file structure.cif (mmCIF, C-alpha atoms)
data_structure
loop_
_atom_site.label_atom_id
_atom_site.label_comp_id
_atom_site.auth_asym_id
_atom_site.auth_seq_id
_atom_site.Cartn_x
_atom_site.Cartn_y
_atom_site.Cartn_z
CA MET A 1 3.43 -14.46 -42.19
CA THR A 2 2.17 -11.76 -39.81
CA ARG A 3 4.97 -9.52 -38.60
CA GLN A 4 5.66 -8.99 -34.92
CA LEU A 5 4.08 -5.95 -33.36
CA ARG A 6 6.78 -3.52 -32.26
CA VAL A 7 6.85 -1.81 -28.85
CA PHE A 8 8.98 1.23 -28.03
CA PHE A 9 9.28 1.49 -24.21
CA TYR A 10 10.88 4.58 -22.63
CA VAL A 11 12.01 4.39 -19.00
CA GLN A 12 14.11 6.88 -17.03
CA HIS A 13 15.34 6.01 -13.54
CA LEU A 14 16.83 8.92 -11.63
CA LEU A 15 17.57 7.78 -8.07
CA GLY A 16 16.65 4.16 -7.31
CA ILE A 17 16.19 1.31 -9.77
CA GLY A 18 12.51 0.59 -9.10
CA HIS A 19 11.19 2.17 -12.31
CA LEU A 20 13.76 0.26 -14.37
CA ALA A 21 13.10 -3.06 -12.62
CA ARG A 22 9.33 -2.81 -13.11
CA ALA A 23 9.73 -1.74 -16.75
CA SER A 24 12.07 -4.67 -17.36
CA ARG A 25 9.54 -7.13 -15.97
CA ILE A 26 6.85 -5.69 -18.24
CA CYS A 27 9.09 -5.67 -21.31
CA SER A 28 10.17 -9.26 -20.75
CA ALA A 29 6.52 -10.29 -20.53
CA LEU A 30 5.79 -8.41 -23.77
CA ALA A 31 8.63 -10.28 -25.48
CA VAL A 32 7.33 -13.63 -24.20
CA ASP A 33 3.94 -12.70 -25.63
CA GLY A 34 5.51 -12.20 -29.05
CA PHE A 35 6.06 -8.44 -29.20
CA ASP A 36 9.29 -7.08 -30.67
CA VAL A 37 10.45 -4.80 -27.84
CA THR A 38 12.90 -1.91 -27.89
CA VAL A 39 13.69 -0.49 -24.44
CA VAL A 40 15.11 3.02 -24.20
CA THR A 41 16.83 3.75 -20.90
CA GLY A 42 18.25 7.03 -19.69
CA GLY A 43 19.73 6.30 -16.25
CA THR A 44 23.00 4.86 -15.04
CA PRO A 45 23.57 1.24 -16.19
CA VAL A 46 22.32 -1.53 -13.90
CA PRO A 47 23.61 -5.08 -14.56
CA GLY A 48 20.83 -7.38 -15.71
CA PHE A 49 18.37 -4.60 -16.64
CA PRO A 50 16.94 -4.71 -19.21
CA THR A 51 17.33 -8.40 -19.91
CA SER A 52 19.35 -9.66 -22.87
CA GLU A 53 16.41 -10.77 -25.05
CA LEU A 54 15.30 -7.14 -25.48
CA LYS A 55 16.64 -4.56 -27.90
CA HIS A 56 18.20 -1.78 -25.87
CA VAL A 57 18.97 1.86 -26.64
CA ALA A 58 20.96 3.55 -23.86
CA LEU A 59 20.80 7.33 -23.87
CA PRO A 60 23.61 9.30 -22.17
CA PRO A 61 22.80 8.75 -18.48
CA VAL A 62 21.31 11.35 -16.18
CA VAL A 63 20.60 11.12 -12.46
CA ALA A 64 18.67 13.25 -9.98
CA GLY A 65 20.60 16.23 -8.75
CA ASP A 66 19.64 15.34 -5.16
CA LYS A 67 17.24 13.19 -3.12
CA GLY A 68 14.48 15.71 -3.82
CA PHE A 69 14.82 15.15 -7.57
CA SER A 70 15.95 18.75 -8.03
CA GLY A 71 17.66 19.18 -11.38
CA LEU A 72 19.53 16.67 -13.54
CA ALA A 73 23.18 15.69 -13.49
CA ASP A 74 25.37 13.43 -15.61
CA GLU A 75 27.21 10.38 -14.27
CA THR A 76 29.96 12.58 -12.82
CA GLY A 77 27.50 14.78 -10.92
CA LYS A 78 27.87 17.72 -13.32
CA PRO A 79 24.59 19.54 -14.11
CA VAL A 80 23.48 18.82 -17.67
CA ASP A 81 23.51 21.66 -20.20
CA ASP A 82 21.57 22.44 -23.37
CA ASP A 83 24.03 20.60 -25.62
CA PHE A 84 23.63 17.45 -23.51
CA ARG A 85 19.83 17.71 -23.64
CA GLU A 86 19.81 18.23 -27.41
CA ARG A 87 22.07 15.20 -27.92
CA ARG A 88 19.76 12.99 -25.85
CA ARG A 89 16.68 14.33 -27.59
CA ASP A 90 18.10 13.64 -31.04
CA MET A 91 19.16 10.10 -30.04
CA LEU A 92 15.68 9.40 -28.69
CA LEU A 93 13.94 10.66 -31.83
CA ASP A 94 16.31 8.67 -34.05
CA ALA A 95 15.62 5.53 -32.01
CA PHE A 96 11.87 6.03 -32.48
CA ARG A 97 12.27 6.41 -36.24
CA THR A 98 14.42 3.27 -36.42
CA CYS A 99 11.93 1.22 -34.40
CA ASP A 100 8.83 2.47 -36.28
CA PRO A 101 6.68 1.04 -33.47
CA ASP A 102 3.06 -0.01 -33.23
CA VAL A 103 3.01 0.91 -29.54
CA VAL A 104 4.90 3.57 -27.60
CA ILE A 105 4.93 3.29 -23.80
CA PHE A 106 6.10 6.13 -21.57
CA GLU A 107 7.03 4.92 -18.10
CA ALA A 108 5.53 7.40 -15.57
CA PHE A 109 5.19 10.36 -17.96
CA PRO A 110 3.15 12.59 -17.88
CA PHE A 111 2.30 11.67 -14.27
CA GLY A 112 6.00 11.83 -13.42
CA ARG A 113 9.38 12.49 -15.00
CA ARG A 114 8.50 16.11 -15.72
CA GLN A 115 12.28 16.80 -15.78
CA MET A 116 12.43 14.93 -19.08
CA ARG A 117 9.98 17.14 -20.98
CA PHE A 118 12.89 18.49 -23.05
CA GLU A 119 12.98 15.17 -24.93
CA LEU A 120 9.54 13.67 -24.33
CA MET A 121 7.51 16.56 -25.69
CA PRO A 122 9.45 16.47 -29.00
CA LEU A 123 8.86 12.70 -29.08
CA LEU A 124 5.13 13.20 -28.61
CA ASP A 125 5.15 15.78 -31.41
CA LEU A 126 6.97 13.35 -33.70
CA ILE A 127 4.47 10.61 -32.85
CA GLU A 128 1.53 12.88 -33.64
CA ALA A 129 3.11 13.83 -36.97
CA SER A 130 3.73 10.20 -37.98
CA SER A 131 1.93 8.92 -41.07
CA ARG A 132 1.23 5.68 -39.18
CA ARG A 133 0.53 6.82 -35.65
CA PRO A 134 1.25 4.20 -32.97
CA LEU A 135 -0.84 3.48 -29.92
CA VAL A 136 0.46 5.69 -27.09
CA ALA A 137 0.30 4.46 -23.48
CA THR A 138 1.65 5.50 -20.12
CA SER A 139 2.85 2.91 -17.60
CA LEU A 140 2.03 3.84 -13.97
CA ARG A 141 2.56 2.32 -10.56
CA ASP A 142 -0.61 2.06 -8.50
CA ILE A 143 0.02 4.99 -6.12
CA LEU A 144 1.13 8.37 -7.44
CA GLN A 145 3.21 11.01 -5.72
CA GLU A 146 1.09 13.83 -4.29
CA ARG A 147 1.40 17.03 -6.33
CA ASN A 148 1.27 20.23 -4.31
CA LYS A 149 2.24 22.75 -6.98
CA PRO A 150 -0.79 24.50 -8.51
CA GLY A 151 -1.58 23.45 -12.05
CA ARG A 152 0.46 20.23 -12.14
CA ALA A 153 -2.52 17.84 -12.04
CA GLU A 154 -4.27 19.90 -14.71
CA GLU A 155 -1.13 19.74 -16.85
CA MET A 156 -1.06 15.95 -16.59
CA LEU A 157 -4.73 15.73 -17.52
CA GLU A 158 -4.23 17.94 -20.57
CA LEU A 159 -1.31 15.85 -21.83
CA VAL A 160 -3.18 12.57 -21.38
CA GLN A 161 -6.24 13.89 -23.17
CA ALA A 162 -4.17 15.30 -26.03
CA HIS A 163 -1.66 12.52 -26.64
CA PHE A 164 -2.39 9.25 -24.82
CA ASP A 165 -4.73 6.43 -25.78
CA LEU A 166 -4.20 4.19 -22.77
CA VAL A 167 -3.28 4.61 -19.09
CA LEU A 168 -1.86 1.33 -17.79
CA VAL A 169 -2.21 1.31 -14.00
CA HIS A 170 -0.02 -1.46 -12.60
CA GLY A 171 -2.09 -2.25 -9.57
CA ASP A 172 -5.05 -4.14 -8.18
CA PRO A 173 -8.02 -1.77 -7.73
CA ALA A 174 -8.93 -3.70 -4.59
CA PHE A 175 -5.77 -2.26 -3.00
CA ALA A 176 -5.41 1.17 -4.64
CA ARG A 177 -7.36 3.07 -7.29
CA LEU A 178 -6.04 5.86 -9.49
CA GLU A 179 -8.64 8.38 -8.33
CA GLU A 180 -7.28 8.13 -4.79
CA THR A 181 -4.03 9.83 -5.80
CA PHE A 182 -5.00 11.61 -9.05
CA PRO A 183 -7.91 14.06 -8.80
CA TYR A 184 -8.89 13.95 -12.49
CA ALA A 185 -9.05 10.17 -12.89
CA ARG A 186 -12.76 10.31 -13.78
CA GLU A 187 -12.02 12.55 -16.78
CA ILE A 188 -9.76 9.84 -18.29
CA ALA A 189 -11.66 6.78 -17.05
CA ASP A 190 -12.20 5.51 -20.61
CA LYS A 191 -8.41 5.29 -21.08
CA VAL A 192 -7.58 3.54 -17.78
CA ALA A 193 -6.81 -0.19 -17.59
CA TYR A 194 -5.73 -1.92 -14.38
CA THR A 195 -3.16 -4.61 -15.08
CA GLY A 196 -2.62 -6.06 -11.63
CA LEU A 197 0.59 -5.64 -9.68
CA VAL A 198 3.79 -6.29 -11.65
CA ALA A 199 5.33 -8.93 -9.42
CA GLY A 200 7.92 -11.50 -10.32
CA SER A 201 7.04 -15.14 -10.75
CA ALA A 202 6.65 -17.40 -7.74
CA PRO A 203 10.12 -17.72 -6.18
CA ALA A 204 12.13 -20.90 -6.12
CA LEU A 205 12.95 -22.56 -2.83
CA PRO A 206 15.65 -20.54 -1.04
CA LEU A 207 19.24 -21.79 -1.19
CA GLU A 208 20.00 -19.84 2.00
CA ARG A 209 17.77 -18.95 4.91
CA PHE A 210 18.06 -15.89 7.14
CA ASP A 211 15.95 -14.68 10.02
CA VAL A 212 16.11 -11.05 8.84
CA VAL A 213 16.70 -9.72 5.31
CA VAL A 214 17.44 -5.98 5.17
CA SER A 215 17.41 -4.46 1.68
CA ALA A 216 18.01 -0.95 0.37
CA GLY A 217 16.67 -1.15 -3.19
CA GLY A 218 19.14 0.39 -5.62
CA GLY A 219 21.27 1.63 -2.74
CA ALA A 220 21.51 5.27 -3.78
CA VAL A 221 19.66 6.38 -0.63
CA GLY A 222 19.97 3.27 1.54
CA LYS A 223 23.19 3.91 3.46
CA GLU A 224 21.40 4.88 6.70
CA LEU A 225 19.12 1.84 6.59
CA ILE A 226 21.98 -0.60 6.03
CA GLY A 227 24.04 1.05 8.75
CA ALA A 228 21.16 0.89 11.23
CA GLY A 229 20.52 -2.74 10.32
CA LEU A 230 24.15 -3.64 10.92
CA GLU A 231 24.15 -2.02 14.35
CA ALA A 232 20.71 -3.44 15.26
CA ALA A 233 22.04 -6.94 14.57
CA LYS A 234 24.70 -6.35 17.22
CA LEU A 235 22.02 -5.41 19.78
CA LEU A 236 19.92 -8.55 19.29
CA PRO A 237 20.78 -12.18 20.10
CA PRO A 238 23.67 -13.48 17.95
CA GLU A 239 21.61 -16.56 17.09
CA LEU A 240 19.60 -14.43 14.66
CA SER A 241 21.01 -14.59 11.14
CA TRP A 242 20.96 -11.41 9.04
CA CYS A 243 21.32 -10.74 5.30
CA LEU A 244 21.99 -7.12 4.29
CA VAL A 245 21.50 -6.30 0.58
CA THR A 246 22.95 -2.85 -0.02
CA GLY A 247 21.93 -2.32 -3.67
CA PRO A 248 24.37 -1.78 -6.56
CA ASN A 249 24.54 2.01 -6.19
CA LEU A 250 25.96 2.17 -2.67
CA PRO A 251 29.41 3.80 -2.90
CA GLN A 252 32.24 1.28 -2.64
CA VAL A 253 33.84 3.04 0.31
CA ASP A 254 30.60 2.64 2.31
CA TYR A 255 30.23 -1.00 1.29
CA ASP A 256 33.79 -1.76 2.40
CA ALA A 257 33.20 -0.06 5.76
CA PHE A 258 30.02 -2.07 6.38
CA GLU A 259 31.69 -5.31 5.36
CA SER A 260 34.57 -4.80 7.78
CA ALA A 261 32.17 -3.96 10.63
CA ALA A 262 29.78 -6.89 10.10
CA PRO A 263 29.64 -9.45 12.93
CA GLY A 264 29.66 -13.18 12.26
CA ASN A 265 25.86 -13.53 12.09
CA VAL A 266 25.57 -10.89 9.33
CA LYS A 267 26.21 -11.44 5.62
CA LEU A 268 26.54 -8.45 3.31
CA PHE A 269 25.75 -8.42 -0.42
CA ARG A 270 25.45 -5.74 -3.09
CA PHE A 271 22.81 -7.59 -5.06
CA ARG A 272 21.07 -10.94 -4.95
CA ARG A 273 19.45 -12.28 -8.10
CA ASP A 274 17.59 -14.71 -5.83
CA PHE A 275 16.22 -11.86 -3.68
CA ALA A 276 12.60 -13.01 -4.00
CA SER A 277 13.67 -16.52 -3.05
CA LEU A 278 15.53 -15.16 0.00
CA LEU A 279 12.34 -13.42 1.13
CA SER A 280 10.34 -16.64 0.86
CA GLY A 281 12.73 -18.26 3.34
CA ALA A 282 13.10 -15.28 5.70
CA ARG A 283 11.20 -14.66 8.89
CA LEU A 284 11.23 -10.89 8.35
CA SER A 285 12.00 -8.39 5.60
CA VAL A 286 13.19 -4.89 6.53
CA SER A 287 13.09 -2.45 3.64
CA GLN A 288 11.78 0.76 2.20
CA ALA A 289 8.24 0.60 0.82
CA GLY A 290 8.98 0.79 -2.88
CA TYR A 291 6.60 -0.82 -5.36
CA ASN A 292 8.85 -3.66 -6.50
CA THR A 293 10.08 -4.63 -3.05
CA VAL A 294 6.53 -4.73 -1.70
CA CYS A 295 5.47 -6.89 -4.67
CA ASP A 296 8.30 -9.30 -3.85
CA ILE A 297 7.26 -9.36 -0.17
CA ILE A 298 3.62 -10.09 -1.01
CA ARG A 299 4.59 -12.79 -3.51
CA ALA A 300 6.88 -14.42 -0.95
CA GLY A 301 4.33 -14.17 1.87
CA CYS A 302 7.01 -12.69 4.14
CA ALA A 303 6.45 -10.61 7.27
CA SER A 304 7.78 -7.10 6.80
CA LEU A 305 8.90 -3.93 8.53
CA LEU A 306 8.64 -1.00 6.12
CA ILE A 307 10.61 2.25 6.33
CA PRO A 308 9.07 4.55 3.69
CA PHE A 309 11.33 6.90 1.74
CA THR A 310 10.15 10.47 2.38
CA ALA A 311 13.03 12.76 1.30
CA GLY A 312 12.09 15.67 -0.92
CA GLY A 313 8.43 15.46 0.08
CA GLU A 314 7.91 11.96 -1.35
CA THR A 315 4.54 10.52 -0.27
CA GLU A 316 4.06 7.42 -2.43
CA GLN A 317 5.90 4.96 -0.18
CA SER A 318 4.25 6.30 2.98
CA THR A 319 0.81 5.83 1.42
CA ARG A 320 1.62 2.25 0.38
CA ALA A 321 3.10 1.37 3.78
CA ALA A 322 0.11 2.80 5.67
CA ARG A 323 -2.30 0.71 3.61
CA LEU A 324 -0.30 -2.46 4.23
CA GLU A 325 -0.10 -1.71 7.96
CA LYS A 326 -3.87 -1.18 8.10
CA LEU A 327 -4.34 -4.60 6.48
CA GLY A 328 -2.09 -6.16 9.12
CA LEU A 329 0.53 -7.07 6.52
CA ALA A 330 3.43 -4.91 7.73
CA GLY A 331 4.88 -2.87 10.52
CA VAL A 332 5.93 0.70 9.70
CA LEU A 333 8.92 2.60 11.07
CA PRO A 334 9.07 6.29 10.02
CA GLU A 335 12.33 7.19 8.31
CA HIS A 336 13.07 10.01 10.76
CA ASP A 337 12.79 7.59 13.71
CA VAL A 338 15.34 5.08 12.43
CA SER A 339 18.13 4.33 14.88
CA PRO A 340 19.86 1.05 15.75
CA ALA A 341 17.98 0.80 19.06
CA ARG A 342 14.55 1.57 17.56
CA LEU A 343 15.16 -0.75 14.62
CA ALA A 344 16.26 -3.57 16.93
CA ARG A 345 13.12 -3.09 19.03
CA ASP A 346 10.80 -3.11 16.01
CA VAL A 347 12.52 -6.15 14.49
CA GLU A 348 12.04 -8.00 17.76
CA THR A 349 8.36 -7.01 17.84
CA GLN A 350 7.73 -8.16 14.27
CA LEU A 351 9.55 -11.47 14.78
CA ALA A 352 7.28 -12.21 17.73
CA ARG A 353 4.12 -11.80 15.63
CA ALA A 354 2.38 -14.52 13.64
CA LYS A 355 3.14 -14.68 9.93
CA PRO A 356 0.61 -12.51 8.06
CA ALA A 357 -2.04 -14.02 5.81
CA MET A 358 -1.56 -12.40 2.41
CA PRO A 359 -4.68 -11.09 0.62
CA PRO A 360 -5.63 -12.42 -2.82
CA LEU A 361 -4.16 -9.47 -4.74
CA ASP A 362 -3.62 -9.75 -8.49
CA LEU A 363 0.16 -10.11 -9.02
CA GLU A 364 0.17 -10.95 -12.74
CA GLY A 365 0.48 -7.39 -14.03
CA ALA A 366 3.36 -8.01 -16.44
CA ALA A 367 1.63 -10.73 -18.46
CA GLN A 368 -1.72 -8.95 -18.29
CA THR A 369 -0.16 -5.76 -19.66
CA ALA A 370 0.71 -7.69 -22.83
CA ALA A 371 -2.83 -9.08 -23.06
CA ILE A 372 -4.37 -5.64 -22.57
CA LEU A 373 -2.19 -4.12 -25.29
CA ARG A 374 -3.08 -6.85 -27.79
CA ALA A 375 -6.79 -6.46 -27.07
CA TRP A 376 -6.54 -2.67 -27.31
CA LEU A 377 -4.70 -2.82 -30.63
CA LEU A 378 -7.44 -5.04 -32.06
CA LYS A 379 -10.27 -2.72 -31.08
CA ALA A 380 -8.64 0.73 -31.17
CA PRO A 381 -9.58 2.99 -34.07
CA VAL A 382 -6.69 4.52 -35.98
CA ARG A 383 -6.16 8.10 -34.87
CA PRO A 384 -5.09 10.40 -37.69
CA SER A 385 -1.77 12.20 -37.35
CA ARG A 386 -1.65 15.96 -37.09
CA SER A 387 -0.06 16.06 -40.53
CA ALA A 388 -2.91 14.12 -42.13
#
call {"tool": "encode", "arguments": {"input": "structure.cif", "output": "structure tokens"}}
result
Amino acid sequence: MTRQLRVFFYVQHLLGIGHLARASRICSALAVDGFDVTVVTGGTPVPGFPTSELKHVALPPVVAGDKGFSGLADETGKPVDDDFRERRRDMLLDAFRTCDPDVVIFEAFPFGRRQMRFELMPLLDLIEASSRRPLVATSLRDILQERNKPGRAEEMLELVQAHFDLVLVHGDPAFARLEETFPYAREIADKVAYTGLVAGSAPALPLERFDVVVSAGGGAVGKELIGAGLEAAKLLPPELSWCLVTGPNLPQVDYDAFESAAPGNVKLFRFRRDFASLLSGARLSVSQAGYNTVCDIIRAGCASLLIPFTAGGETEQSTRAARLEKLGLAGVLPEHDVSPARLARDVETQLARAKPAMPPLDLEGAAQTAAILRAWLLKAPVRPSRSA
């Protein structure tokens, strides 16, 4: 009997939960395809991620030191020290040895997560020294963050050329291509495979229907959006029904304050497992422009008002939102312009528009990632380890 191929998938979420949610979708699809999957996470726990059918190694959690991703802190907000880093590194290396994988997937790295080099570079060295070297892939969203610091793009290129066999771009090239946000894409073109967007499955019929669904992703940076949504609801006709999804990371004191201030036409939730279903029954979604939320919006065919996250010089969400606006699929409200009055006005404008016709974008990226990996494993030559 042929043994299952083993996948070792590393994902580190630092602020929101988008990276973890996308990785979980991919890993679940790999498991359905017959891979034996071990997921290594390094952020604060999020209920339901990764799913229960996956093996899970939880490293001591770290979070971003601030919205600009400056520094690393532990769960209590204390900056991490060398002892903490060494403990995480050793746990990660031990987990790799235990798994003995056929495939190692780095979520974002080396195109992101540079803060984690203290453990990822030793892992790459261990992989290269392995007697049976696994296939090494990076898992990327379709639009990368712009890099302004000299030498960063060159550093990414060097790492990919030295250590990575496959660059999995989770997007539809008809919407966004890697070379549009990474200047050296041509140099690694032979390693790049587009998977399609990693969207969830088609949603079930909604159990509840709302006119407006306002969501804040993980909730770590969504307080202002939820607050503006709550006040905007008070400025518009009370016949409009609102659903506010704060995200699991919104501090309890803020959640309690919003709940007590909510009028009768507003329902507040931390998390909705049927979020995609809610969107399919909503007239309008109001959200940031994160990858996973936009995938859910496109899958549901819902009208949307996007408020891109831009703190710390972030550009990825603004780029995605601008493309969707150009296609007539979304309205865009700049983060610095958000106020209850402006939000109420833009919600009213979007509700008055016809429902957008969604383009035929490829949304099957999770399942196609599994197919691409299987095909690659069949054709890929064995690369010798450095110790060979």
call {"tool": "atom_distance", "arguments": {"input": "structure.cif", "atom1": "CA of Glu316 in chain A", "atom2": "CA of Ile143 in chain A"}}
result
6.0 Å
call {"tool": "closest_residue", "arguments": {"input": "structure.cif", "among": "A:Ala344, A:Met156, A:Ala137, A:Leu373", "to": "Ile105 in chain A", "atoms": "only C-alpha atoms"}}
result
A:Ala137
call {"tool": "residues_around", "arguments": {"input": "structure.cif", "residues": "Asp254 in chain A", "least_positions_apart": "3", "cutoff": "10 Å", "atoms": "all atoms listed in the file", "output": "list of chain:residue names"}}
result
A:Lys223, A:Ile226, A:Gly227, A:Thr246, A:Leu250, A:Pro251, A:Ala257, A:Phe258, A:Glu259
call {"tool": "residues_around", "arguments": {"input": "structure.cif", "residues": "range 71-85 of chain A", "least_positions_apart": "2", "cutoff": "12 Å", "atoms": "all atoms listed in the file", "output": "PyMOL selection string"}}
result
chain A and resi 12-15+42-45+59-69+87-92+113-120+122+249
call {"tool": "resolve_selection", "arguments": {"input": "structure.cif", "expression": "the PyMOL selection byres ((chain A and resi 128-136) around 12)", "output": "VMD selection string"}}
result
chain A and resid 5 to 10 93 96 to 97 99 to 107 109 to 110 121 to 127 137 to 139 159 to 168 191 373 to 388
call {"tool": "closest_residue", "arguments": {"input": "structure.cif", "among": "A:Ile188, A:Leu144, A:Val32, A:Cys27", "to": "Ser318 in chain A", "atoms": "all atoms listed in the file"}}
result
A:Leu144
call {"tool": "residues_near_point", "arguments": {"input": "structure.cif", "point": "(2.8, -3.7, 1.8)", "cutoff": "12 Å", "atoms": "all atoms listed in the file", "output": "mmCIF file with C-alpha atoms, in the coordinates of the input"}}
result
data_model
loop_
_atom_site.group_PDB
_atom_site.id
_atom_site.type_symbol
_atom_site.label_atom_id
_atom_site.label_comp_id
_atom_site.auth_asym_id
_atom_site.auth_seq_id
_atom_site.Cartn_x
_atom_site.Cartn_y
_atom_site.Cartn_z
ATOM 1 C CA PHE A 175 -5.770 -2.260 -3.000
ATOM 2 C CA ALA A 176 -5.410 1.170 -4.640
ATOM 3 C CA LEU A 197 0.590 -5.640 -9.680
ATOM 4 C CA SER A 285 12.000 -8.390 5.600
ATOM 5 C CA VAL A 286 13.190 -4.890 6.530
ATOM 6 C CA SER A 287 13.090 -2.450 3.640
ATOM 7 C CA GLN A 288 11.780 0.760 2.200
ATOM 8 C CA ALA A 289 8.240 0.600 0.820
ATOM 9 C CA GLY A 290 8.980 0.790 -2.880
ATOM 10 C CA TYR A 291 6.600 -0.820 -5.360
ATOM 11 C CA ASN A 292 8.850 -3.660 -6.500
ATOM 12 C CA THR A 293 10.080 -4.630 -3.050
ATOM 13 C CA VAL A 294 6.530 -4.730 -1.700
ATOM 14 C CA CYS A 295 5.470 -6.890 -4.670
ATOM 15 C CA ASP A 296 8.300 -9.300 -3.850
ATOM 16 C CA ILE A 297 7.260 -9.360 -0.170
ATOM 17 C CA ILE A 298 3.620 -10.090 -1.010
ATOM 18 C CA ARG A 299 4.590 -12.790 -3.510
ATOM 19 C CA ALA A 300 6.880 -14.420 -0.950
ATOM 20 C CA GLY A 301 4.330 -14.170 1.870
ATOM 21 C CA CYS A 302 7.010 -12.690 4.140
ATOM 22 C CA ALA A 303 6.450 -10.610 7.270
ATOM 23 C CA SER A 304 7.780 -7.100 6.800
ATOM 24 C CA LEU A 305 8.900 -3.930 8.530
ATOM 25 C CA LEU A 306 8.640 -1.000 6.120
ATOM 26 C CA ILE A 307 10.610 2.250 6.330
ATOM 27 C CA PRO A 308 9.070 4.550 3.690
ATOM 28 C CA GLU A 316 4.060 7.420 -2.430
ATOM 29 C CA GLN A 317 5.900 4.960 -0.180
ATOM 30 C CA SER A 318 4.250 6.300 2.980
ATOM 31 C CA THR A 319 0.810 5.830 1.420
ATOM 32 C CA ARG A 320 1.620 2.250 0.380
ATOM 33 C CA ALA A 321 3.100 1.370 3.780
ATOM 34 C CA ALA A 322 0.110 2.800 5.670
ATOM 35 C CA ARG A 323 -2.300 0.710 3.610
ATOM 36 C CA LEU A 324 -0.300 -2.460 4.230
ATOM 37 C CA GLU A 325 -0.100 -1.710 7.960
ATOM 38 C CA LYS A 326 -3.870 -1.180 8.100
ATOM 39 C CA LEU A 327 -4.340 -4.600 6.480
ATOM 40 C CA GLY A 328 -2.090 -6.160 9.120
ATOM 41 C CA LEU A 329 0.530 -7.070 6.520
ATOM 42 C CA ALA A 330 3.430 -4.910 7.730
ATOM 43 C CA GLY A 331 4.880 -2.870 10.520
ATOM 44 C CA VAL A 332 5.930 0.700 9.700
ATOM 45 C CA PRO A 356 0.610 -12.510 8.060
ATOM 46 C CA MET A 358 -1.560 -12.400 2.410
ATOM 47 C CA PRO A 359 -4.680 -11.090 0.620
ATOM 48 C CA LEU A 361 -4.160 -9.470 -4.740
#
call {"tool": "decode", "arguments": {"input": "structure.cif", "residues": "range 201-212 of chain A", "atoms": "C-alpha atoms", "output": "tab-separated table (two decimals), in the first residue's frame"}}
result
chain	number	residue	atom	x	y	z
A	201	SER	CA	-17.17	26.56	-1.34
A	202	ALA	CA	-20.44	27.96	-2.63
A	203	PRO	CA	-22.38	29.19	0.42
A	204	ALA	CA	-25.56	27.62	1.68
A	205	LEU	CA	-28.78	29.58	1.63
A	206	PRO	CA	-28.70	32.21	4.40
A	207	LEU	CA	-30.58	31.49	7.62
A	208	GLU	CA	-30.76	35.24	8.29
A	209	ARG	CA	-30.90	38.15	5.89
A	210	PHE	CA	-29.55	41.65	6.49
A	211	ASP	CA	-29.43	44.70	4.29
A	212	VAL	CA	-25.89	45.58	5.38
